[in-house]
file final_38.pdb (PDB, N, CA and C atoms)
MODEL        1
ATOM      1  N   MET A 144      -2.320  -1.789   7.137
ATOM      2  CA  MET A 144      -2.128  -0.730   8.106
ATOM      3  C   MET A 144      -1.121  -1.140   9.174
ATOM      4  N   ASP A 145      -1.188  -2.412   9.619
ATOM      5  CA  ASP A 145      -0.258  -2.868  10.642
ATOM      6  C   ASP A 145       1.181  -2.784  10.157
ATOM      7  N   CYS A 146       1.397  -3.080   8.884
ATOM      8  CA  CYS A 146       2.748  -3.021   8.324
ATOM      9  C   CYS A 146       3.284  -1.597   8.367
ATOM     10  N   VAL A 147       2.459  -0.631   8.026
ATOM     11  CA  VAL A 147       2.865   0.769   8.035
ATOM     12  C   VAL A 147       3.193   1.208   9.459
ATOM     13  N   LEU A 148       2.364   0.817  10.424
ATOM     14  CA  LEU A 148       2.621   1.169  11.808
ATOM     15  C   LEU A 148       3.907   0.528  12.310
ATOM     16  N   GLY A 149       4.176  -0.686  11.861
ATOM     17  CA  GLY A 149       5.429  -1.352  12.239
ATOM     18  C   GLY A 149       6.645  -0.622  11.703
ATOM     19  N   VAL A 150       6.583  -0.155  10.475
ATOM     20  CA  VAL A 150       7.692   0.597   9.880
ATOM     21  C   VAL A 150       7.900   1.908  10.629
ATOM     22  N   ILE A 151       6.809   2.590  10.951
ATOM     23  CA  ILE A 151       6.920   3.849  11.710
ATOM     24  C   ILE A 151       7.564   3.598  13.052
ATOM     25  N   GLY A 152       7.131   2.542  13.741
ATOM     26  CA  GLY A 152       7.715   2.205  15.041
ATOM     27  C   GLY A 152       9.189   1.872  14.937
ATOM     28  N   ALA A 153       9.569   1.141  13.909
ATOM     29  CA  ALA A 153      10.968   0.779  13.733
ATOM     30  C   ALA A 153      11.832   2.001  13.432
ATOM     31  N   ARG A 154      11.327   2.901  12.634
ATOM     32  CA  ARG A 154      12.100   4.099  12.293
ATOM     33  C   ARG A 154      12.223   5.060  13.463
ATOM     34  N   MET A 155      11.245   5.062  14.350
ATOM     35  CA  MET A 155      11.270   5.966  15.500
ATOM     36  C   MET A 155      12.074   5.403  16.665
ATOM     37  N   ALA A 156      12.498   4.158  16.577
ATOM     38  CA  ALA A 156      13.213   3.516  17.683
ATOM     39  C   ALA A 156      14.498   4.256  18.034
ATOM     40  N   GLY A 157      15.140   4.847  17.066
ATOM     41  CA  GLY A 157      16.397   5.544  17.314
ATOM     42  C   GLY A 157      16.240   6.954  17.862
ATOM     43  N   THR A 158      15.019   7.458  17.920
ATOM     44  CA  THR A 158      14.811   8.845  18.349
ATOM     45  C   THR A 158      14.515   8.983  19.830
ATOM     46  N   GLY A 159      14.326   7.884  20.538
ATOM     47  CA  GLY A 159      14.047   7.959  21.970
ATOM     48  C   GLY A 159      13.345   6.713  22.442
ATOM     49  N   THR A 160      12.939   6.741  23.700
ATOM     50  CA  THR A 160      12.214   5.607  24.256
ATOM     51  C   THR A 160      10.742   5.990  24.404
ATOM     52  N   PHE A 161       9.897   5.036  24.120
ATOM     53  CA  PHE A 161       8.458   5.260  24.168
ATOM     54  C   PHE A 161       7.805   4.163  24.992
ATOM     55  N   GLU A 162       6.795   4.531  25.763
ATOM     56  CA  GLU A 162       6.087   3.574  26.607
ATOM     57  C   GLU A 162       5.068   2.757  25.814
ATOM     58  N   ASN A 163       4.441   3.390  24.800
ATOM     59  CA  ASN A 163       3.397   2.701  24.045
ATOM     60  C   ASN A 163       3.270   3.294  22.651
ATOM     61  N   GLY A 164       2.360   2.718  21.882
ATOM     62  CA  GLY A 164       2.163   3.164  20.507
ATOM     63  C   GLY A 164       1.630   4.578  20.384
ATOM     64  N   THR A 165       0.878   5.014  21.385
ATOM     65  CA  THR A 165       0.346   6.370  21.358
ATOM     66  C   THR A 165       1.469   7.396  21.388
ATOM     67  N   GLU A 166       2.454   7.153  22.221
ATOM     68  CA  GLU A 166       3.593   8.077  22.295
ATOM     69  C   GLU A 166       4.371   8.102  20.988
ATOM     70  N   ILE A 167       4.503   6.951  20.350
ATOM     71  CA  ILE A 167       5.212   6.885  19.064
ATOM     72  C   ILE A 167       4.458   7.686  18.003
ATOM     73  N   LEU A 168       3.144   7.455  17.887
ATOM     74  CA  LEU A 168       2.359   8.180  16.879
ATOM     75  C   LEU A 168       2.328   9.675  17.154
ATOM     76  N   SER A 169       2.288  10.052  18.417
ATOM     77  CA  SER A 169       2.310  11.466  18.770
ATOM     78  C   SER A 169       3.641  12.100  18.368
ATOM     79  N   ALA A 170       4.733  11.396  18.627
ATOM     80  CA  ALA A 170       6.055  11.910  18.244
ATOM     81  C   ALA A 170       6.187  12.025  16.733
ATOM     82  N   VAL A 171       5.681  11.049  16.006
ATOM     83  CA  VAL A 171       5.737  11.092  14.539
ATOM     84  C   VAL A 171       4.913  12.269  14.014
ATOM     85  N   ALA A 172       3.709  12.448  14.552
ATOM     86  CA  ALA A 172       2.853  13.549  14.103
ATOM     87  C   ALA A 172       3.511  14.898  14.386
ATOM     88  N   THR A 173       4.112  15.051  15.571
ATOM     89  CA  THR A 173       4.789  16.310  15.901
ATOM     90  C   THR A 173       5.985  16.531  14.992
ATOM     91  N   LEU A 174       6.731  15.472  14.724
ATOM     92  CA  LEU A 174       7.913  15.576  13.861
ATOM     93  C   LEU A 174       7.526  15.966  12.437
ATOM     94  N   LEU A 175       6.475  15.348  11.912
ATOM     95  CA  LEU A 175       6.091  15.595  10.526
ATOM     96  C   LEU A 175       5.242  16.849  10.349
ATOM     97  N   LEU A 176       4.356  17.137  11.321
ATOM     98  CA  LEU A 176       3.383  18.204  11.138
ATOM     99  C   LEU A 176       3.654  19.456  11.963
ATOM    100  N   GLY A 177       4.358  19.320  13.071
ATOM    101  CA  GLY A 177       4.527  20.442  13.983
ATOM    102  C   GLY A 177       3.487  20.386  15.088
ATOM    103  N   GLN A 178       3.651  21.207  16.114
ATOM    104  CA  GLN A 178       2.791  21.143  17.298
ATOM    105  C   GLN A 178       1.344  21.537  17.017
ATOM    106  N   ASN A 179       1.110  22.636  16.291
ATOM    107  CA  ASN A 179      -0.264  23.092  16.037
ATOM    108  C   ASN A 179      -1.053  22.098  15.196
ATOM    109  N   GLU A 180      -0.430  21.544  14.175
ATOM    110  CA  GLU A 180      -1.114  20.589  13.321
ATOM    111  C   GLU A 180      -1.362  19.281  14.053
ATOM    112  N   THR A 181      -0.510  18.956  15.036
ATOM    113  CA  THR A 181      -0.733  17.757  15.834
ATOM    114  C   THR A 181      -2.019  17.903  16.645
ATOM    115  N   MET A 182      -2.278  19.090  17.170
ATOM    116  CA  MET A 182      -3.524  19.313  17.903
ATOM    117  C   MET A 182      -4.726  19.202  16.963
ATOM    118  N   LEU A 183      -4.596  19.676  15.740
ATOM    119  CA  LEU A 183      -5.664  19.541  14.755
ATOM    120  C   LEU A 183      -5.903  18.071  14.436
ATOM    121  N   LEU A 184      -4.835  17.304  14.302
ATOM    122  CA  LEU A 184      -4.951  15.870  14.046
ATOM    123  C   LEU A 184      -5.659  15.173  15.211
ATOM    124  N   GLY A 185      -5.351  15.584  16.444
ATOM    125  CA  GLY A 185      -6.034  15.042  17.614
ATOM    126  C   GLY A 185      -7.527  15.345  17.591
ATOM    127  N   LEU A 186      -7.891  16.539  17.184
ATOM    128  CA  LEU A 186      -9.304  16.912  17.067
ATOM    129  C   LEU A 186      -9.991  16.061  15.996
ATOM    130  N   ILE A 187      -9.325  15.847  14.876
ATOM    131  CA  ILE A 187      -9.890  15.014  13.809
ATOM    132  C   ILE A 187     -10.108  13.593  14.305
ATOM    133  N   PHE A 188      -9.128  13.015  15.025
ATOM    134  CA  PHE A 188      -9.279  11.667  15.584
ATOM    135  C   PHE A 188     -10.437  11.619  16.565
ATOM    136  N   THR A 189     -10.558  12.647  17.413
ATOM    137  CA  THR A 189     -11.639  12.688  18.401
ATOM    138  C   THR A 189     -13.000  12.694  17.716
ATOM    139  N   LEU A 190     -13.152  13.503  16.686
ATOM    140  CA  LEU A 190     -14.421  13.547  15.953
ATOM    141  C   LEU A 190     -14.701  12.226  15.243
ATOM    142  N   ALA A 191     -13.666  11.591  14.710
ATOM    143  CA  ALA A 191     -13.844  10.297  14.045
ATOM    144  C   ALA A 191     -14.300   9.241  15.040
ATOM    145  N   TYR A 192     -13.677   9.211  16.215
ATOM    146  CA  TYR A 192     -14.093   8.250  17.241
ATOM    147  C   TYR A 192     -15.513   8.544  17.720
ATOM    148  N   PHE A 193     -15.848   9.812  17.836
ATOM    149  CA  PHE A 193     -17.197  10.181  18.282
ATOM    150  C   PHE A 193     -18.249   9.669  17.306
ATOM    151  N   THR A 194     -18.025   9.843  16.017
ATOM    152  CA  THR A 194     -19.010   9.370  15.040
ATOM    153  C   THR A 194     -19.125   7.846  15.082
ATOM    154  N   THR A 195     -18.021   7.152  15.335
ATOM    155  CA  THR A 195     -18.056   5.698  15.452
ATOM    156  C   THR A 195     -18.882   5.268  16.668
ATOM    157  N   VAL A 196     -18.676   5.946  17.790
ATOM    158  CA  VAL A 196     -19.427   5.624  19.006
ATOM    159  C   VAL A 196     -20.920   5.863  18.795
ATOM    160  N   VAL A 197     -21.272   6.951  18.163
ATOM    161  CA  VAL A 197     -22.686   7.240  17.910
ATOM    162  C   VAL A 197     -23.288   6.163  17.003
ATOM    163  N   GLY A 198     -22.563   5.763  15.978
ATOM    164  CA  GLY A 198     -23.051   4.718  15.072
ATOM    165  C   GLY A 198     -23.226   3.383  15.770
ATOM    166  N   LEU A 199     -22.252   3.003  16.602
ATOM    167  CA  LEU A 199     -22.370   1.734  17.329
ATOM    168  C   LEU A 199     -23.507   1.760  18.342
ATOM    169  N   THR A 200     -23.681   2.880  19.018
ATOM    170  CA  THR A 200     -24.774   2.998  19.988
ATOM    171  C   THR A 200     -26.123   2.913  19.284
ATOM    172  N   THR A 201     -26.245   3.545  18.148
ATOM    173  CA  THR A 201     -27.494   3.486  17.383
ATOM    174  C   THR A 201     -27.758   2.072  16.877
ATOM    175  N   ALA A 202     -26.718   1.392  16.410
ATOM    176  CA  ALA A 202     -26.881   0.006  15.950
ATOM    177  C   ALA A 202     -27.318  -0.901  17.096
ATOM    178  N   CYS A 203     -26.736  -0.711  18.273
ATOM    179  CA  CYS A 203     -27.144  -1.497  19.450
ATOM    180  C   CYS A 203     -28.602  -1.220  19.804
ATOM    181  N   ASP A 204     -29.001   0.041  19.710
ATOM    182  CA  ASP A 204     -30.395   0.389  20.004
ATOM    183  C   ASP A 204     -31.342  -0.327  19.051
ATOM    184  N   HIS A 205     -31.040  -0.320  17.770
ATOM    185  CA  HIS A 205     -31.910  -0.987  16.799
ATOM    186  C   HIS A 205     -31.985  -2.483  17.078
ATOM    187  N   TYR A 206     -30.844  -3.088  17.381
ATOM    188  CA  TYR A 206     -30.805  -4.524  17.643
ATOM    189  C   TYR A 206     -31.608  -4.879  18.897
ATOM    190  N   PHE A 207     -31.328  -4.197  20.006
ATOM    191  CA  PHE A 207     -31.986  -4.537  21.257
ATOM    192  C   PHE A 207     -33.454  -4.106  21.281
ATOM    193  N   SER A 208     -33.814  -3.107  20.506
ATOM    194  CA  SER A 208     -35.229  -2.714  20.416
ATOM    195  C   SER A 208     -36.051  -3.806  19.743
ATOM    196  N   LYS A 209     -35.452  -4.501  18.784
ATOM    197  CA  LYS A 209     -36.143  -5.620  18.139
ATOM    198  C   LYS A 209     -36.121  -6.859  19.031
ATOM    199  N   LEU A 210     -35.019  -7.055  19.748
ATOM    200  CA  LEU A 210     -34.879  -8.212  20.626
ATOM    201  C   LEU A 210     -35.761  -8.081  21.863
ATOM    202  N   ILE A 211     -35.795  -6.890  22.443
ATOM    203  CA  ILE A 211     -36.608  -6.606  23.644
ATOM    204  C   ILE A 211     -37.503  -5.413  23.319
ATOM    205  N   PRO A 212     -38.717  -5.658  22.859
ATOM    206  CA  PRO A 212     -39.595  -4.559  22.419
ATOM    207  C   PRO A 212     -39.907  -3.521  23.500
ATOM    208  N   LYS A 213     -39.861  -3.904  24.779
ATOM    209  CA  LYS A 213     -40.185  -2.960  25.845
ATOM    210  C   LYS A 213     -39.025  -2.017  26.175
ATOM    211  N   ALA A 214     -37.849  -2.299  25.661
ATOM    212  CA  ALA A 214     -36.685  -1.447  25.942
ATOM    213  C   ALA A 214     -36.806  -0.134  25.177
ATOM    214  N   THR A 215     -36.692   0.981  25.892
ATOM    215  CA  THR A 215     -36.767   2.287  25.239
ATOM    216  C   THR A 215     -35.388   2.700  24.734
ATOM    217  N   TYR A 216     -35.386   3.687  23.869
ATOM    218  CA  TYR A 216     -34.132   4.185  23.319
ATOM    219  C   TYR A 216     -33.209   4.681  24.427
ATOM    220  N   LYS A 217     -33.761   5.458  25.360
ATOM    221  CA  LYS A 217     -32.947   6.008  26.450
ATOM    222  C   LYS A 217     -32.327   4.900  27.297
ATOM    223  N   THR A 218     -33.100   3.878  27.583
ATOM    224  CA  THR A 218     -32.595   2.782  28.407
ATOM    225  C   THR A 218     -31.461   2.052  27.712
ATOM    226  N   VAL A 219     -31.655   1.733  26.448
ATOM    227  CA  VAL A 219     -30.619   1.009  25.698
ATOM    228  C   VAL A 219     -29.351   1.852  25.593
ATOM    229  N   VAL A 220     -29.477   3.123  25.295
ATOM    230  CA  VAL A 220     -28.311   4.000  25.182
ATOM    231  C   VAL A 220     -27.585   4.093  26.518
ATOM    232  N   LEU A 221     -28.325   4.214  27.603
ATOM    233  CA  LEU A 221     -27.708   4.288  28.928
ATOM    234  C   LEU A 221     -26.951   3.002  29.255
ATOM    235  N   VAL A 222     -27.576   1.856  29.013
ATOM    236  CA  VAL A 222     -26.935   0.573  29.311
ATOM    237  C   VAL A 222     -25.695   0.365  28.439
ATOM    238  N   VAL A 223     -25.809   0.635  27.151
ATOM    239  CA  VAL A 223     -24.666   0.467  26.242
ATOM    240  C   VAL A 223     -23.526   1.398  26.641
ATOM    241  N   THR A 224     -23.848   2.626  27.004
ATOM    242  CA  THR A 224     -22.828   3.590  27.416
ATOM    243  C   THR A 224     -22.135   3.141  28.700
ATOM    244  N   LEU A 225     -22.910   2.684  29.673
ATOM    245  CA  LEU A 225     -22.321   2.229  30.938
ATOM    246  C   LEU A 225     -21.452   0.983  30.745
ATOM    247  N   ILE A 226     -21.929   0.039  29.944
ATOM    248  CA  ILE A 226     -21.137  -1.167  29.686
ATOM    249  C   ILE A 226     -19.867  -0.815  28.926
ATOM    250  N   GLY A 227     -19.983   0.030  27.917
ATOM    251  CA  GLY A 227     -18.803   0.438  27.147
ATOM    252  C   GLY A 227     -17.782   1.160  28.000
ATOM    253  N   THR A 228     -18.265   2.037  28.871
ATOM    254  CA  THR A 228     -17.361   2.747  29.777
ATOM    255  C   THR A 228     -16.700   1.782  30.748
ATOM    256  N   GLY A 229     -17.482   0.852  31.280
ATOM    257  CA  GLY A 229     -16.926  -0.141  32.207
ATOM    258  C   GLY A 229     -15.857  -0.998  31.550
ATOM    259  N   VAL A 230     -16.127  -1.474  30.342
ATOM    260  CA  VAL A 230     -15.139  -2.287  29.620
ATOM    261  C   VAL A 230     -13.883  -1.461  29.346
ATOM    262  N   GLY A 231     -14.058  -0.211  28.959
ATOM    263  CA  GLY A 231     -12.908   0.658  28.695
ATOM    264  C   GLY A 231     -12.061   0.874  29.935
ATOM    265  N   LEU A 232     -12.703   1.089  31.073
ATOM    266  CA  LEU A 232     -11.963   1.289  32.317
ATOM    267  C   LEU A 232     -11.230   0.022  32.744
ATOM    268  N   VAL A 233     -11.869  -1.129  32.571
ATOM    269  CA  VAL A 233     -11.210  -2.396  32.920
ATOM    270  C   VAL A 233      -9.998  -2.624  32.024
ATOM    271  N   LEU A 234     -10.153  -2.404  30.717
ATOM    272  CA  LEU A 234      -9.014  -2.578  29.809
ATOM    273  C   LEU A 234      -7.889  -1.608  30.140
ATOM    274  N   ASP A 235      -8.241  -0.412  30.566
ATOM    275  CA  ASP A 235      -7.227   0.567  30.933
ATOM    276  C   ASP A 235      -6.462   0.107  32.170
ATOM    277  N   LYS A 236      -7.166  -0.445  33.141
ATOM    278  CA  LYS A 236      -6.514  -0.914  34.360
ATOM    279  C   LYS A 236      -5.670  -2.160  34.123
ATOM    280  N   VAL A 237      -6.165  -3.059  33.257
ATOM    281  CA  VAL A 237      -5.433  -4.279  32.946
ATOM    282  C   VAL A 237      -4.152  -3.929  32.207
ATOM    283  N   GLY A 238      -4.261  -2.976  31.337
ATOM    284  CA  GLY A 238      -3.088  -2.515  30.596
ATOM    285  C   GLY A 238      -3.096  -3.021  29.169
ATOM    286  N   THR A 239      -3.017  -2.081  28.277
ATOM    287  CA  THR A 239      -2.953  -2.437  26.856
ATOM    288  C   THR A 239      -1.703  -1.838  26.234
ATOM    289  N   LYS A 240      -0.647  -1.729  27.054
ATOM    290  CA  LYS A 240       0.597  -1.154  26.556
ATOM    291  C   LYS A 240       1.236  -2.075  25.529
ATOM    292  N   ALA A 241       1.813  -1.483  24.517
ATOM    293  CA  ALA A 241       2.506  -2.252  23.496
ATOM    294  C   ALA A 241       3.797  -2.819  24.072
ATOM    295  N   ARG A 242       4.105  -4.014  23.697
ATOM    296  CA  ARG A 242       5.351  -4.642  24.138
ATOM    297  C   ARG A 242       6.423  -4.312  23.110
ATOM    298  N   VAL A 243       7.453  -3.610  23.546
ATOM    299  CA  VAL A 243       8.526  -3.217  22.646
ATOM    300  C   VAL A 243       9.651  -4.226  22.786
ATOM    301  N   VAL A 244      10.048  -4.839  21.663
ATOM    302  CA  VAL A 244      11.131  -5.823  21.664
ATOM    303  C   VAL A 244      12.436  -5.096  21.377
ATOM    304  N   GLU A 245      13.402  -5.299  22.211
ATOM    305  CA  GLU A 245      14.689  -4.619  22.014
ATOM    306  C   GLU A 245      15.648  -5.489  21.242
TER     307      GLU A 245
ENDMDL
END

call {"tool": "encode", "arguments": {"input": "final_38.pdb", "output": "structure tokens"}}
result
Amino acid sequence: MDCVLGVIGARMAGTGTFENGTEILSAVATLLLGQNETMLLGLIFTLAYFTTVVGLTTACDHYFSKLIPKATYKTVVLVVTLIGTGVGLVLDKVGTKARVVE
């Protein structure tokens, strides 16, 4: 997958300047699919990420329920959600921008 993303990034280099990989993938999707289909692709990605988050939260609940028997489902889900959100916000502030080599 990384190789394919690298080829896409290299081919898009001549079409403009991009701040990060998200902008490159968005431009490729718009170029290949058009604006309406790009929004559909965004919805598909959102649903895919949502199912992943639900699966990871459920797995954490099962693990911590066995590790700490007194922990309720609601408590574990709340803690996992808050920690995940906190980590996401910290990573966003630190910056995860792709480094583009010229």

call {"tool": "closest_atom_pairs", "arguments": {"input": "final_38.pdb", "of": "range 151-194 of chain A", "to": "range 199-212 of chain A", "cutoff": "12 Å", "atoms": "only C-alpha atoms", "output": "tab-separated table"}}
result
residue	atom	partner	partner_atom	distance
A:Tyr192	CA	A:Leu199	CA	10.5
A:Phe193	CA	A:Leu199	CA	10.0
A:Thr194	CA	A:Leu199	CA	8.7

call {"tool": "closest_residue", "arguments": {"input": "final_38.pdb", "among": "A:Leu232, A:Ile151, A:Val237, A:Val197", "to": "Val220 in chain A", "atoms": "only C-alpha atoms"}}
result
A:Val197

call {"tool": "resolve_selection", "arguments": {"input": "final_38.pdb", "expression": "the PyMOL selection byres (((chain A and resi 167 and name CA) around 12) and name CA)", "output": "PyMOL selection string"}}
result
chain A and resi 148-166+168-174+240-241+243

call {"tool": "axis_aligned_box", "arguments": {"input": "final_38.pdb", "around": "range 212-218 of chain A", "padding_each_side": "8 Å", "output": "JSON"}}
result
{"center_x": -35.8, "center_y": 0.2, "center_z": 25.4, "size_x": 24.7, "size_y": 27.7, "size_z": 22.0}

call {"tool": "atom_distance", "arguments": {"input": "final_38.pdb", "atom1": "atom N of Ala214 in chain A", "atom2": "CA of Thr195 in chain A"}}
result
23.7 Å

call {"tool": "atom_distance", "arguments": {"input": "final_38.pdb", "atom1": "atom N of Gly229 in chain A", "atom2": "CA of Leu186 in chain A"}}
result
23.0 Å

call {"tool": "atom_distance", "arguments": {"input": "final_38.pdb", "atom1": "atom C of Leu234 in chain A", "atom2": "atom C of Ala191 in chain A"}}
result
19.7 Å

call {"tool": "decode", "arguments": {"input": "final_38.pdb", "residues": "range 186-222 of chain A", "atoms": "C-alpha atoms", "output": "JSON list (two decimals), in the first residue's frame"}}
result
[["chain", "number", "residue", "atom", "x", "y", "z"],
["A", 186, "LEU", "CA", -18.69, 8.94, 3.69],
["A", 187, "ILE", "CA", -17.38, 5.42, 3.03],
["A", 188, "PHE", "CA", -14.09, 6.25, 4.81],
["A", 189, "THR", "CA", -16.02, 7.74, 7.75],
["A", 190, "LEU", "CA", -18.14, 4.61, 8.13],
["A", 191, "ALA", "CA", -15.05, 2.39, 7.86],
["A", 192, "TYR", "CA", -13.27, 4.35, 10.59],
["A", 193, "PHE", "CA", -16.40, 4.27, 12.75],
["A", 194, "THR", "CA", -16.62, 0.48, 12.59],
["A", 195, "THR", "CA", -12.92, 0.25, 13.49],
["A", 196, "VAL", "CA", -13.40, 2.52, 16.51],
["A", 197, "VAL", "CA", -16.38, 0.49, 17.71],
["A", 198, "GLY", "CA", -14.40, -2.75, 17.35],
["A", 199, "LEU", "CA", -11.38, -1.38, 19.22],
["A", 200, "THR", "CA", -13.55, 0.03, 22.01],
["A", 201, "THR", "CA", -15.32, -3.31, 22.39],
["A", 202, "ALA", "CA", -12.00, -5.18, 22.45],
["A", 203, "CYS", "CA", -10.70, -2.82, 25.15],
["A", 204, "ASP", "CA", -13.87, -3.39, 27.16],
["A", 205, "HIS", "CA", -13.45, -7.17, 27.02],
["A", 206, "TYR", "CA", -9.79, -6.93, 28.00],
["A", 207, "PHE", "CA", -10.23, -4.50, 30.89],
["A", 208, "SER", "CA", -13.38, -6.25, 32.14],
["A", 209, "LYS", "CA", -11.30, -9.39, 32.64],
["A", 210, "LEU", "CA", -8.35, -7.45, 34.06],
["A", 211, "ILE", "CA", -10.49, -5.32, 36.42],
["A", 212, "PRO", "CA", -13.73, -7.20, 37.19],
["A", 213, "LYS", "CA", -15.32, -4.19, 38.93],
["A", 214, "ALA", "CA", -15.02, -2.00, 35.82],
["A", 215, "THR", "CA", -18.38, -1.58, 34.09],
["A", 216, "TYR", "CA", -18.88, -1.37, 30.36],
["A", 217, "LYS", "CA", -19.85, 2.31, 30.54],
["A", 218, "THR", "CA", -16.78, 3.20, 32.57],
["A", 219, "VAL", "CA", -14.36, 1.40, 30.26],
["A", 220, "VAL", "CA", -15.94, 2.92, 27.14],
["A", 221, "LEU", "CA", -15.81, 6.40, 28.67],
["A", 222, "VAL", "CA", -12.16, 6.05, 29.70]]
